[in-house]
Every structure is written in C-alpha cells, then in structure tokens.
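A.B. asks: Please read through the structure below; I'll follow up with questions.
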Amino acid sequence: MRLQFFLKEATRSIRRNAAPNLAALATVVVTLVVVGVFIPIVQATQGAANSVRSRVLVDVYMVTSAGRGADARVQRELQAIPHVKRVVFESKQQAFAQQRAQDPAAYALLSSNPLPDTFHVYPDNPANVLAIRSAITPTGPGGTTRMLDRAIASVSNHTDDTKKLLEVTNLVTITAALLAALLTVASILLIANTIRLSLYARRREVEVMKLVGATDWFIRWPFVLEGTIVGASGALLAIAVLAATKIALLDPLAGHWTLIAAPRTIPFVSLVGVLVAAGVGVSALGSGLSLRRFLRV
Amino acid sequence: MRYPSGDTGLNQATFQVDREEFVFLVGSTGSGKSTVMRLLIKELEPSEGTIRVAGKDLTRIGRRRVPLYRRNIGVVFQDFKLLPNRTVHDNVAYALQVTGGTRKEIRAKVPDILRLTGLSTKLHNYPDQLSGGEQQRVAIARAFVNHPPLLLADEPTGNRDPDTSIDIMRLLYRINRTGTTVLVASHDHVMVDRMRRRVLELSRGRIVRDEATGLYARDETTREFAQRLRSTGQRPDTV
C-alpha cells in the first residue's frame, strides 16, 4: 500500500513537473553518453600504452667466442637479477636464420655468421627495465662501467628510447585517469544541480506537506523514487544511443582498427550496468540529499 | 517570543483556552496573531516561556515527533498553503495519506468533508481554478478532515465579502460544535462582534483584552489604550 502510494505520487509528480524533469533527464542522458564513450576510450588508451610497455626488454649480446658453458652461466646470472621475469635465449644460428629470412639478399653475401648469441631479458614491470640494465652493467668504483660477466660483449643500447617510452605511456595513463575523474565529478555536479533546481521550484510544496504533518521520509520517498525513475530512463536512453553508435559505427570498424578491438576494454554488458547504476544512484541520492535543505521547517 | 531579526513577536502573552472552546484572536496587523499560530504548530520556537497543548509542553517535543504532533492540529493558513499540483480532492486526501490513512478511509471521509464545505462540484479542480473563498474552504476541509481536537484558522475571512465571511464562520462554528477547539485569528471586528464568542485581543505582542476571563487591558499602557479606542471608533475593516 505504502510503496504503491509513493510510486503513484512519484509518477504523478513527474507528469505535473514535466519541464524540470525533462531537463534532468536530458542532463543524465548527455552526461552518461559522454561517460559511456569515455570509459572505453580511456581503457583502450591504457591498453595500448600497456601493450607498448610490455615490449620493453633488455637485449644482452654475448661475445662471439662464448660457448655452451658461458651461455648457461650467464643465463643463471641473469635470472638471479631481481625484477627479471623471463630470460629467453636466442642462439647465433637462430638469429642468423631469422635475419636471413628477413633480408635474404644481404645475408647471402656473408660467408660466416657475424651474429652473437643473445639473451632477451624481460622485466616483471616495464618500469624496472632500467634497474635491470644497470644490474647487468654495474658501475665500477672509478665510474667506469663493466659487464656482469666477461662473456657479455654488450647490452642493447636504447636506454633513451626506453626512458621516453616509459614517460609517454605514464603520461597517457595519468592524463586518462585525471580526465575520467574530472568527468565523473562534473557529471555528478551537473545532475545534482539540475535536481536541486527542480526541487527548489517545489520547496513551497514541501513546506506545506511538513505543516500538514508529513514526516520527512513521507515527503522524501516520492522524490527519491522520482529521481530513480528519471535516472533510470536517462540511463536507458543513453544506453540506446551508445548501442546504436556501437552497432552502426564501431563494430564494422573493429576488424580494421586494433585500438577499438583492444581486448582490455570493458564489455558492453558491464558498461550498461555501470551506466544504469550511476544514473540511478546519482539521481536518487541527489534528490534525497537536495531535499534536506527544504525539510527544515 | 523574539524573531531572529530581533523583532519581538509576542511579549509575555499568557492565556489559556479550554477544550471545545471557540476563541477569537484579534488585533491589528503585526500584533502577534500569526506568531501565536506559528508557535502552536511548532513552526517557531519560543525564546522564553512555555506553551502547553493538551497538557504537553511543546519544547519537549523532539524534531522527529513534530509531524506526529501536527497531525492533531488542523491549520487554515492565511495564504491557504494548498498544494498547487493537486486537485481539491487530492489536497484534502493528502492530510489523510500523511497519517497513513487507507484508500477506504479516503474514499469515505473526503467526499463527506467536501460536502460539508460545499465543494462537491469542484472535486477535480486545481487550486488556481478556484475563487479565494473556495480555496479558503478547501483549506478548512483539509484542516478538518482528520477531525483534529484543535483547529487553528489564521484570517479565514480576510478580504472576503460579507456573505462569504458568514459562510466561513458558520462552517467553523459547525466544526466547533463537533467538539473541536477552534482558535480564529481575525481583524474583522464586525464578524467577531456578531459571533459573540470569547475574544483575546493582542497589541504589540501583549494580551490587552480577554473577555472570557474578565481581563481588560491589564497589560495595556495608557497610550496604547487611547490608540485602541481611536481605531475601534473608526472601524477601518468594515466593508
């Protein structure tokens, strides 16, 4: 009986206050569409940054004279370095075969194999790659660098590239996170403000209800329900817009553009869940809380 | 009673109203009539002194219990305070719904009270489609639909033509006859004189006349007394 009454009150109030509720609805739809577009974009960006970062590694080149014994020893030493996740050995024959396959003409001219044995050292976290590098080439007391093992000829020398790569991907991740936070705050403020405006227009009504003897929650429930209904319909509309966009624009493109097909983006079903929860939660809470000011009679 | 602005609304106004009494509260604008009403529904808190309604000290009613307390009092506000988005029927029904009245109760009581107030034909009109006198009667219907033990009416005949005023007074009189204590604030001297009920007169927040207890201008200064005589001589409110 009670719930039925509150529901009836809420729907009646939506009908009678169509204009402010339409404004609130539009606000919810617009912000949720923006959020719904933005969440996958942020995730795709981060996914791309992460996949770039996962390619960061240290190449260790052995001296050409190194034999089986030296290779095994160096491999053990490399694996003992902290933050090393994986050490992959590539023999000079494998390297030669791979290079020749890429450029047969150039390698046909070579009489012997000039390539050394190589270890690819993968860090557990891309940020640790420089630490691993300096562990392989420790700085001596005189400021000179020497190798971890005499059998190591050199270490791949793209320190600068690695540094830049790490900085750029970090920047991308942080910027995306900041933008997401800002957007969330902006949407909450926007929705809350619209609700407050529509409630402000009805503060007299609330005052009368109080003077007639209504308890705070008796007045509040219809408003909360109203907010829930407006929020839910806003979320559903936003989802409809997003779904149409996804089916019409993104899905045909996904095959051609890997960023869109990035496996790490949120599945559409979860996105729907997040949007509905956000729309309903913010609207209902916003209505309930905004009303507090007008209930002090 | 002092307002936050520093203005004094009521000053040492002590009076007692018995059950089933019909009392007029008179006095010029700003004399404190509305302040009495607002204090009685706990819309305002007295800065000093105590108010007892049905033996209960109002300062002891907590914020959460105020709505429950207000359900025992029917109030007809000076500006009606009808809900603009509801029909006549729904405005009256709201007072019942607030107290948890069932649909059956609403279906039984609302048409009854609307018939009593002569609003049966305006059931589905919205307040802005009604005349002032009709809105007034809706306000009375809403105040009385719960049959509260106490009914407050602030200027129920303010700016009404004499016929409407008499109708409204008769309605209040009938309500009083059912056992409800009625307190009416008014500056309509003609009406008050005609009704021949107990009259409390306020002036600048003080009780200056109480015809039932034989208290005449006990608190009144000579100057106030003279002023009152002059104003009653002119009868500015008669239409």
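Chain lettering (A, B, ...) mirrors the order of the structure tokens, residue numbering begins at 1 for each chain separately, and ligand numbering begins at 1 in order of display.
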Find the residues of chain A that sit at most 7 Å from chain B; for each, write down the nearest two atoms and how far apart they are in Å, to one decimal. Count only C-alpha atoms. Sort by chain, then by number going up, and give it as JSON lines.

C.D. replies:
{"residue": "A:Arg16", "atom": "CA", "partner": "B:Asn85", "partner_atom": "CA", "distance": 6.6}
{"residue": "A:Glu205", "atom": "CA", "partner": "B:Leu83", "partner_atom": "CA", "distance": 5.8}
{"residue": "A:Val208", "atom": "CA", "partner": "B:Lys81", "partner_atom": "CA", "distance": 6.0}
{"residue": "A:Lys210", "atom": "CA", "partner": "B:Pro67", "partner_atom": "CA", "distance": 6.9}
{"residue": "A:Val212", "atom": "CA", "partner": "B:Ala95", "partner_atom": "CA", "distance": 6.3}
{"residue": "A:Gly213", "atom": "CA", "partner": "B:Pro67", "partner_atom": "CA", "distance": 4.2}
{"residue": "A:Ala214", "atom": "CA", "partner": "B:Val98", "partner_atom": "CA", "distance": 5.1}
{"residue": "A:Thr215", "atom": "CA", "partner": "B:Pro67", "partner_atom": "CA", "distance": 5.4}
{"residue": "A:Val297", "atom": "CA", "partner": "B:Glu43", "partner_atom": "CA", "distance": 6.4}

A.B. asks: Could you give me, as a PyMOL selection string, each residue of stretch 8-115 of chain B that DSSP assigns to strand (DSSP E) when run on this structure's backbone?

C.D. replies: chain B and resi 22-26+52-53+56-57+73-76

A.B. asks: I'd like to know which of A:Arg53, A:Arg2, A:Arg196, A:Arg73 is closest to A:Arg150, using only C-alpha atoms.

C.D. replies: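 Result for the nearest residue to A:Arg150: A:Arg73.
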
A.B. asks: List the spatial neighbours of stretch 171-178 of chain B as a list in words - criterion: any atom at most 9 Å away, only C-alpha atoms, same-chain residues fewer than 2 positions off excluded.

C.D. replies: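 What passes the distance filter is Glu20, Glu21, Phe22, Leu116, Thr117, Arg137, Ile140, Phe144, His147, Leu151, Ala153, Ile166, Asp167, Ile168, Met169, Thr180, Thr181, Val182 and Val184 of chain B.
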
A.B. asks: Can you tell me which residues surround A:Ile229 at a distance of at most 10 Å, considering only C-alpha atoms, apart from same-chain residues fewer than 2 positions away, and format the answer as a PyMOL selection string?

C.D. replies: chain A and resi 7+10-11+14+25+223-227+231-235+279-280+283-284

A.B. asks: Limited to all heavy atoms, could you put the picked residues into a file as a short mmCIF file (atom, residue, chain, number, x, y, z; two decimals), in the first residue's frame?

C.D. replies:
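Result written to again-v1.cif:
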data_model
loop_
_atom_site.label_atom_id
_atom_site.label_comp_id
_atom_site.auth_asym_id
_atom_site.auth_seq_id
_atom_site.Cartn_x
_atom_site.Cartn_y
_atom_site.Cartn_z
N LEU A 7 4.83 5.33 -5.24
CA LEU A 7 5.05 5.20 -6.68
C LEU A 7 4.07 6.08 -7.44
O LEU A 7 4.43 6.77 -8.39
CB LEU A 7 4.89 3.75 -7.11
CG LEU A 7 6.17 2.93 -7.12
CD1 LEU A 7 5.87 1.48 -7.46
CD2 LEU A 7 7.17 3.50 -8.12
N ALA A 10 5.08 9.60 -7.13
CA ALA A 10 6.26 9.90 -7.95
C ALA A 10 5.87 10.09 -9.41
O ALA A 10 6.28 11.06 -10.05
CB ALA A 10 7.29 8.79 -7.79
N THR A 11 5.06 9.17 -9.93
CA THR A 11 4.71 9.27 -11.35
C THR A 11 3.84 10.51 -11.59
O THR A 11 4.00 11.21 -12.59
CB THR A 11 3.96 8.01 -11.83
OG1 THR A 11 2.94 7.72 -10.89
CG2 THR A 11 4.88 6.82 -11.93
N ILE A 14 6.05 13.44 -11.69
CA ILE A 14 6.80 13.53 -12.96
C ILE A 14 5.92 14.15 -14.03
O ILE A 14 6.34 15.02 -14.79
CB ILE A 14 7.29 12.14 -13.39
CG1 ILE A 14 8.43 11.68 -12.49
CG2 ILE A 14 7.76 12.16 -14.85
CD1 ILE A 14 8.89 10.27 -12.74
N LEU A 25 16.38 14.80 -17.09
CA LEU A 25 16.53 13.62 -17.94
C LEU A 25 17.59 13.88 -19.03
O LEU A 25 18.48 13.07 -19.26
CB LEU A 25 15.19 13.28 -18.58
CG LEU A 25 15.14 12.00 -19.40
CD1 LEU A 25 15.06 10.80 -18.49
CD2 LEU A 25 13.96 12.02 -20.35
N PHE A 223 10.14 11.74 -3.87
CA PHE A 223 11.19 12.46 -4.59
C PHE A 223 12.33 11.52 -4.97
O PHE A 223 12.87 11.59 -6.08
CB PHE A 223 11.74 13.59 -3.72
CG PHE A 223 10.87 14.81 -3.72
CD1 PHE A 223 10.00 15.06 -2.70
CD2 PHE A 223 10.93 15.72 -4.78
CE1 PHE A 223 9.19 16.18 -2.70
CE2 PHE A 223 10.12 16.83 -4.79
CZ PHE A 223 9.25 17.06 -3.75
N VAL A 224 12.69 10.63 -4.03
CA VAL A 224 13.76 9.67 -4.33
C VAL A 224 13.33 8.75 -5.47
O VAL A 224 14.10 8.49 -6.40
CB VAL A 224 14.12 8.86 -3.07
CG1 VAL A 224 15.07 7.73 -3.40
CG2 VAL A 224 14.74 9.76 -2.02
N LEU A 225 12.09 8.28 -5.40
CA LEU A 225 11.58 7.41 -6.46
C LEU A 225 11.56 8.15 -7.80
O LEU A 225 11.92 7.60 -8.83
CB LEU A 225 10.18 6.92 -6.12
CG LEU A 225 10.12 5.76 -5.12
CD1 LEU A 225 8.68 5.40 -4.80
CD2 LEU A 225 10.85 4.55 -5.68
N GLU A 226 11.15 9.41 -7.72
CA GLU A 226 11.11 10.23 -8.93
C GLU A 226 12.52 10.32 -9.53
O GLU A 226 12.71 10.13 -10.73
CB GLU A 226 10.60 11.62 -8.55
CG GLU A 226 10.18 12.46 -9.72
CD GLU A 226 9.71 13.83 -9.25
OE1 GLU A 226 9.17 13.93 -8.14
OE2 GLU A 226 9.90 14.79 -9.99
N GLY A 227 13.50 10.59 -8.66
CA GLY A 227 14.89 10.66 -9.12
C GLY A 227 15.33 9.34 -9.73
O GLY A 227 16.00 9.29 -10.76
N GLY A 231 16.45 8.96 -13.45
CA GLY A 231 17.83 8.48 -13.66
C GLY A 231 17.85 7.21 -14.50
O GLY A 231 18.64 7.08 -15.44
N ALA A 232 16.93 6.29 -14.20
CA ALA A 232 16.91 5.02 -14.92
C ALA A 232 16.53 5.24 -16.38
O ALA A 232 17.16 4.69 -17.28
CB ALA A 232 15.93 4.05 -14.25
N SER A 233 15.51 6.09 -16.61
CA SER A 233 15.12 6.30 -18.01
C SER A 233 16.23 7.03 -18.76
O SER A 233 16.48 6.76 -19.94
CB SER A 233 13.78 7.04 -18.13
OG SER A 233 13.45 7.72 -16.97
N GLY A 234 16.91 7.96 -18.05
CA GLY A 234 18.05 8.65 -18.67
C GLY A 234 19.14 7.65 -19.05
O GLY A 234 19.68 7.68 -20.16
N ALA A 235 19.43 6.73 -18.13
CA ALA A 235 20.46 5.73 -18.39
C ALA A 235 20.07 4.84 -19.56
O ALA A 235 20.89 4.55 -20.44
CB ALA A 235 20.69 4.89 -17.13
N GLY A 279 23.49 6.38 -13.18
CA GLY A 279 22.33 7.25 -13.41
C GLY A 279 21.34 7.20 -12.28
O GLY A 279 20.93 8.22 -11.73
N VAL A 280 20.99 5.98 -11.86
CA VAL A 280 20.01 5.82 -10.79
C VAL A 280 20.58 6.32 -9.47
O VAL A 280 19.93 7.08 -8.74
CB VAL A 280 19.59 4.34 -10.68
CG1 VAL A 280 18.77 4.11 -9.43
CG2 VAL A 280 18.80 3.94 -11.91
N SER A 283 21.01 10.21 -9.33
CA SER A 283 19.72 10.91 -9.34
C SER A 283 18.97 10.70 -8.03
O SER A 283 18.47 11.66 -7.43
CB SER A 283 18.86 10.43 -10.49
OG SER A 283 19.58 10.47 -11.68
N ALA A 284 18.89 9.46 -7.56
CA ALA A 284 18.14 9.18 -6.34
C ALA A 284 18.80 9.85 -5.15
O ALA A 284 18.14 10.53 -4.35
CB ALA A 284 18.04 7.68 -6.13
#

A.B. asks: Which residues come within 8 Å of A:Val60, counting only C-alpha atoms, excluding same-chain residues fewer than 4 positions away, as a PDB file with N, CA and C atoms, in the first residue's frame?

C.D. replies:
ATOM      1  N   THR A 118      72.285 -14.349 -28.101  1.00  0.00           N
ATOM      2  CA  THR A 118      71.582 -13.215 -27.483  1.00  0.00           C
ATOM      3  C   THR A 118      70.638 -13.710 -26.391  1.00  0.00           C
ATOM      4  N   PHE A 119      70.578 -12.960 -25.314  1.00  0.00           N
ATOM      5  CA  PHE A 119      69.541 -13.200 -24.295  1.00  0.00           C
ATOM      6  C   PHE A 119      68.549 -12.035 -24.333  1.00  0.00           C
ATOM      7  N   HIS A 120      67.256 -12.359 -24.423  1.00  0.00           N
ATOM      8  CA  HIS A 120      66.242 -11.311 -24.256  1.00  0.00           C
ATOM      9  C   HIS A 120      65.755 -11.364 -22.819  1.00  0.00           C
ATOM     10  N   VAL A 121      66.004 -10.275 -22.059  1.00  0.00           N
ATOM     11  CA  VAL A 121      65.630 -10.251 -20.643  1.00  0.00           C
ATOM     12  C   VAL A 121      64.358  -9.429 -20.486  1.00  0.00           C
ATOM     13  N   ILE A 152      79.825 -11.428 -21.598  1.00  0.00           N
ATOM     14  CA  ILE A 152      78.873 -10.500 -22.194  1.00  0.00           C
ATOM     15  C   ILE A 152      79.646  -9.447 -22.980  1.00  0.00           C
ATOM     16  N   ALA A 153      79.293  -9.300 -24.237  1.00  0.00           N
ATOM     17  CA  ALA A 153      80.002  -8.314 -25.052  1.00  0.00           C
ATOM     18  C   ALA A 153      79.354  -6.939 -24.877  1.00  0.00           C
ATOM     19  N   SER A 154      78.038  -6.875 -25.001  1.00  0.00           N
ATOM     20  CA  SER A 154      77.380  -5.578 -24.859  1.00  0.00           C
ATOM     21  C   SER A 154      75.914  -5.784 -24.487  1.00  0.00           C
ATOM     22  N   VAL A 155      75.302  -4.681 -24.086  1.00  0.00           N
ATOM     23  CA  VAL A 155      73.873  -4.694 -23.730  1.00  0.00           C
ATOM     24  C   VAL A 155      73.203  -3.713 -24.672  1.00  0.00           C
ATOM     25  N   SER A 156      72.011  -4.086 -25.117  1.00  0.00           N
ATOM     26  CA  SER A 156      71.330  -3.242 -26.094  1.00  0.00           C
ATOM     27  C   SER A 156      71.276  -1.806 -25.607  1.00  0.00           C
TER      28      SER A 156
END

A.B. asks: Which residue is closest to B:Ser186? Choose from B:Ala141, B:Val26, B:Ala108, B:Val92 and count only C-alpha atoms.

C.D. replies: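 Among the listed residues, B:Val26 lies closest to B:Ser186.
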
A.B. asks: As a PyMOL selection string, list the residues of stretch 38-235 of chain B assigned to alpha helix (DSSP H) by DSSP on the backbone atoms of this structure.

C.D. replies: chain B and resi 38-40+66-70+88-98+103-116+132-144+162-177+189-195+222-234

A.B. asks: Which neighbours of B:Arg198 fall inside 7 Å, counting only C-alpha atoms, when residues of the same chain fewer than 3 positions from it are skipped, and could you give them as number ranges by chain?

C.D. replies: B: 22-24, 211-212

A.B. asks: Please compute the atom CA of A:Phe294-atom CA of A:Pro20 distance, one decimal, in Å.

C.D. replies: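 So the two atoms, atom CA of A:Phe294 and atom CA of A:Pro20, lie 17.4 Å apart.
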
A.B. asks: If you count only C-alpha atoms, which residues fall within 12 Å of A:Val56, apart from same-chain ones fewer than 4 positions away, as a ChimeraX atom specification?

C.D. replies: /A:49-52,120-130,132-133,156,158-159,161-166,169

A.B. asks: I'd like the interatomic distance between atom CA of A:Ile219 and atom CA of A:Asn21, to a tenth of an Å.

C.D. replies: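 According to the coordinates, atom CA of A:Ile219 and atom CA of A:Asn21 are separated by 17.6 Å.
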
A.B. asks: Would you mind telling me which residue in B:Val88, B:Val208, B:Ile106, B:Leu200 lies nearest to B:Leu119 when using only C-alpha atoms?

C.D. replies: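 Result for the nearest residue to B:Leu119: B:Val88.
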
A.B. asks: Figure out the distance between atom CA of B:Ala185 and atom CA of B:Leu25, please, to one decimal in Å.

C.D. replies: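 Computing it gives 4.4 Å between the two atoms.
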